[in-house]
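Enquirer: The structure follows.
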Amino acid sequence: MIQTSSLEFTYQGREKCTLSFPDIDLPPQEDLLILGPSGIGKTTLLHLLAGLLPPKGGDVFISNTCINKLTRKQLDCFRGQHIGLIFQRPYFVRSLTLLENLNIREQLSKKKKDLYRREELVEQLGLSNLQNKRIHQLSEGQQQRLSIALGVIHKPKVILADEPTSNLDDINCEKVIRLLKKEAQICKSNLVIITHDHRVKTHFDNHLVL
C-alpha cells in the first residue's frame, strides 16, 4: 500500500522552485503508471516515494509506515527491506560479478538468504549462465535485466522503476514491462513506473499524469 498526502518538494537555487504532487492512494498489489514530460518532476516524486529525498511538506506512507518521519538509520533499514529501486541508469559494484552484486543486495535487505529465489529469478531473466561475469562483460540489455533482479530479489513491498523503457525498441520495451509486472505479481508488490514513454500505457489501467 502506498499513500501520499499534500506532498511537496523545494529545489533551492537562484530561483527557488516548489513542486506539488497529486495525492496517491494505491491499495496493496496494485500497479501505477506515472506519466509526464521530462522536467515535470517525475523522478523527484519517485525519490520522495523511496525516501531518497525529504519532502518539504506532506507525508509518504508505505504499508502504514510514514517513511518521512523515520530517522535516517530507520529509513535505510526500511528501504533495504521493503523497497525495490530500478534506476534509469543502473548502479552496480562494477568490480564484482553479477552473482556477487545479487549477494550484496540480499545482505542489505537483512532477510534470510533464499537460494531458490535467486536461482529462479536469474533463470526467469535469462541470466543463469552469466552469474560469474563482471559488469563490464555484460551487454546493455543484460545489465538492465540485472538491474531488475537487484530491485526485486528481496521481494519488496514496493517496486519503483524510473524510465525503464526509455532507450528500448518496441520489442524490448514490451519484454521489460512484462518482466516487471510478472515480478510484482510474484512478490505481491505494488509496482510504480514513472516514464514519458506512452507505449507503456496499454499495460496499465491505473494512470497518473503530472
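Each chain in the C-alpha cells gets a letter, A, B and so on, in the order shown; residues start at 1 in every chain, and ligands are counted from 1 in the order they appear.
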For the alpha helix (DSSP H) assignment from backbone DSSP, which residues of range 4-189 of chain A qualify? Please present them as a PyMOL selection string.
Expert: chain A and resi 42-50+72-82+98-109+115-124+140-152+170-187
Enquirer: Between A:Asn64, A:Thr4, A:Asn129, A:Gln88, single out the one closest to Glu163 in chain A, counting only C-alpha atoms.
Expert: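 Answer, going by the shortest atom-to-atom distance: A:Gln88.
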Enquirer: Near Ile193 in chain A, within 7 Å and counting only C-alpha atoms, which residues show up once chain neighbours fewer than 2 positions away are dropped, as a VMD selection string?
Expert: chain A and resid 32 to 34 160 to 162 191 195
Enquirer: Which of these residues is nearest to Val158 in chain A, using only C-alpha atoms: A:Ile40, A:Val60, A:Ala50, A:Ile135?
Expert: A:Ala50
Enquirer: Just the strand (DSSP E or B) stuff from chain A, please, per backbone DSSP, written as a PyMOL selection string.
Expert: chain A and resi 2-11+17-20+25-26+31-35+57-62+65-66+83-86+97+134+158-162+190-195+207-209
Enquirer: Can you tell me how far CA of Gln12 in chain A sits from CA of Gly39 in chain A, in Å to one decimal?
Expert: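 Between CA of Gln12 in chain A and CA of Gly39 in chain A the gap works out to 15.5 Å.
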Enquirer: Using only C-alpha atoms, determine which residues lie at most 12 Å from Gly80 in chain A, disregarding the query and same-chain residues fewer than 3 positions distant; provide the list as a tab-separated table (two decimals) with C-alpha atoms, in the first residue's frame.
Expert:
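The resulting file, result_36.tsv, is shown below:
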```tsv
chain	number	residue	atom	x	y	z
A	50	ALA	CA	11.58	5.86	-1.95
A	51	GLY	CA	12.67	8.14	0.88
A	52	LEU	CA	15.71	9.29	-1.09
A	73	LYS	CA	19.05	4.81	10.09
A	74	GLN	CA	15.45	3.59	10.33
A	75	LEU	CA	14.75	4.73	6.79
A	76	ASP	CA	17.84	2.97	5.39
A	77	CYS	CA	16.72	-0.24	7.10
A	83	ILE	CA	11.50	-1.01	-1.32
A	84	GLY	CA	12.94	-2.18	-4.64
A	85	LEU	CA	14.51	0.51	-6.82
A	104	ILE	CA	25.24	-7.81	-1.64
A	105	ARG	CA	21.65	-6.75	-2.33
A	106	GLU	CA	20.32	-9.71	-0.36
A	107	GLN	CA	22.61	-8.88	2.56
A	108	LEU	CA	21.42	-5.27	2.61
A	109	SER	CA	17.82	-6.43	2.97
A	110	LYS	CA	18.77	-8.32	6.17
A	111	LYS	CA	16.38	-11.05	5.13
A	150	LEU	CA	18.58	-6.28	-7.91
A	151	GLY	CA	15.32	-4.37	-7.50
A	152	VAL	CA	13.14	-7.40	-6.79
A	153	ILE	CA	15.34	-10.18	-5.36
A	154	HIS	CA	14.36	-9.37	-1.76
A	155	LYS	CA	10.62	-9.44	-2.56
A	156	PRO	CA	9.95	-5.81	-1.64
A	157	LYS	CA	6.51	-4.46	-0.80
A	158	VAL	CA	7.01	-1.68	-3.35
A	159	ILE	CA	8.89	-1.76	-6.69
```
Enquirer: For each of A:Leu208, A:Asp59, A:Glu120, A:Leu125, take the minimum atom-to-atom distance to Arg178 in chain A, counting only C-alpha atoms, then give the residue where this is smallest.
Expert: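 Residue with the minimum atom-to-atom distance to Arg178 in chain A: A:Leu125.
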Enquirer: Have a look at A:Leu46, A:Phe21, A:His207, A:Val176 and name the one nearest to Gly141 in chain A; count only C-alpha atoms.
Expert: A:Val176
Enquirer: May I ask which of the residues A:Ile148, A:Leu98, A:Cys187, A:Val209 is the closest one to Pro22 in chain A, counting only C-alpha atoms?
Expert: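 Distance minimum relative to Pro22 in chain A lands on A:Val209.
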Enquirer: Contacts of Asn172 in chain A at 12 Å or less, counting only C-alpha atoms, minus same-chain residues fewer than 4 places along, as number ranges by chain?
Expert: A: 140-142, 144-145, 164-168, 176-179, 199-200
Enquirer: Based on the selection just made, write N, CA and C atoms of those residues as a PDB file, in the first residue's frame.
Expert:
```
ATOM      1  N   GLU A 140      24.296  -4.147 -22.613  1.00  0.00           N
ATOM      2  CA  GLU A 140      23.391  -3.154 -22.021  1.00  0.00           C
ATOM      3  C   GLU A 140      22.073  -3.811 -21.595  1.00  0.00           C
ATOM      4  N   GLY A 141      21.557  -4.699 -22.439  1.00  0.00           N
ATOM      5  CA  GLY A 141      20.321  -5.395 -22.110  1.00  0.00           C
ATOM      6  C   GLY A 141      20.472  -6.309 -20.909  1.00  0.00           C
ATOM      7  N   GLN A 142      21.608  -6.991 -20.810  1.00  0.00           N
ATOM      8  CA  GLN A 142      21.869  -7.870 -19.661  1.00  0.00           C
ATOM      9  C   GLN A 142      22.003  -7.063 -18.378  1.00  0.00           C
ATOM     10  N   GLN A 144      20.520  -4.261 -17.811  1.00  0.00           N
ATOM     11  CA  GLN A 144      19.174  -3.817 -17.470  1.00  0.00           C
ATOM     12  C   GLN A 144      18.408  -4.923 -16.740  1.00  0.00           C
ATOM     13  N   ARG A 145      18.547  -6.160 -17.225  1.00  0.00           N
ATOM     14  CA  ARG A 145      17.874  -7.283 -16.555  1.00  0.00           C
ATOM     15  C   ARG A 145      18.447  -7.512 -15.168  1.00  0.00           C
ATOM     16  N   PRO A 164      12.147   2.798 -17.185  1.00  0.00           N
ATOM     17  CA  PRO A 164      12.799   1.524 -17.511  1.00  0.00           C
ATOM     18  C   PRO A 164      12.815   1.184 -18.994  1.00  0.00           C
ATOM     19  N   THR A 165      12.057   1.924 -19.833  1.00  0.00           N
ATOM     20  CA  THR A 165      11.982   1.595 -21.265  1.00  0.00           C
ATOM     21  C   THR A 165      12.483   2.716 -22.160  1.00  0.00           C
ATOM     22  N   SER A 166      13.088   3.734 -21.590  1.00  0.00           N
ATOM     23  CA  SER A 166      13.358   4.968 -22.350  1.00  0.00           C
ATOM     24  C   SER A 166      14.271   4.758 -23.549  1.00  0.00           C
ATOM     25  N   ASN A 167      15.207   3.802 -23.469  1.00  0.00           N
ATOM     26  CA  ASN A 167      16.157   3.609 -24.570  1.00  0.00           C
ATOM     27  C   ASN A 167      15.939   2.292 -25.314  1.00  0.00           C
ATOM     28  N   LEU A 168      14.726   1.759 -25.247  1.00  0.00           N
ATOM     29  CA  LEU A 168      14.455   0.440 -25.815  1.00  0.00           C
ATOM     30  C   LEU A 168      13.577   0.535 -27.059  1.00  0.00           C
ATOM     31  N   VAL A 176      10.434  -5.825 -21.135  1.00  0.00           N
ATOM     32  CA  VAL A 176      10.770  -5.279 -19.819  1.00  0.00           C
ATOM     33  C   VAL A 176       9.516  -5.032 -18.987  1.00  0.00           C
ATOM     34  N   ILE A 177       8.471  -4.468 -19.593  1.00  0.00           N
ATOM     35  CA  ILE A 177       7.237  -4.212 -18.846  1.00  0.00           C
ATOM     36  C   ILE A 177       6.605  -5.513 -18.388  1.00  0.00           C
ATOM     37  N   ARG A 178       6.609  -6.518 -19.241  1.00  0.00           N
ATOM     38  CA  ARG A 178       6.042  -7.819 -18.842  1.00  0.00           C
ATOM     39  C   ARG A 178       6.843  -8.435 -17.700  1.00  0.00           C
ATOM     40  N   LEU A 179       8.176  -8.297 -17.767  1.00  0.00           N
ATOM     41  CA  LEU A 179       9.034  -8.808 -16.689  1.00  0.00           C
ATOM     42  C   LEU A 179       8.716  -8.117 -15.365  1.00  0.00           C
ATOM     43  N   ARG A 199       4.195   4.359 -24.889  1.00  0.00           N
ATOM     44  CA  ARG A 199       3.991   2.975 -25.320  1.00  0.00           C
ATOM     45  C   ARG A 199       3.571   2.090 -24.146  1.00  0.00           C
ATOM     46  N   VAL A 200       3.928   2.492 -22.939  1.00  0.00           N
ATOM     47  CA  VAL A 200       3.697   1.670 -21.750  1.00  0.00           C
ATOM     48  C   VAL A 200       2.229   1.719 -21.306  1.00  0.00           C
TER      49      VAL A 200
END
```
Enquirer: Would you please work out which residue, of A:Met1, A:Cys17, A:Ile171, A:Leu146, is nearest to Ile86 in chain A when using only C-alpha atoms?
Expert: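 So, comparing all the options, the nearest one is A:Leu146.
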Enquirer: Which polymer residues have any atom within 8 Å of an atom of Gly57 in chain A, counting only C-alpha atoms, with same-chain residues fewer than 4 positions away left out, as a VMD selection string?
Expert: chain A and resid 6 to 9
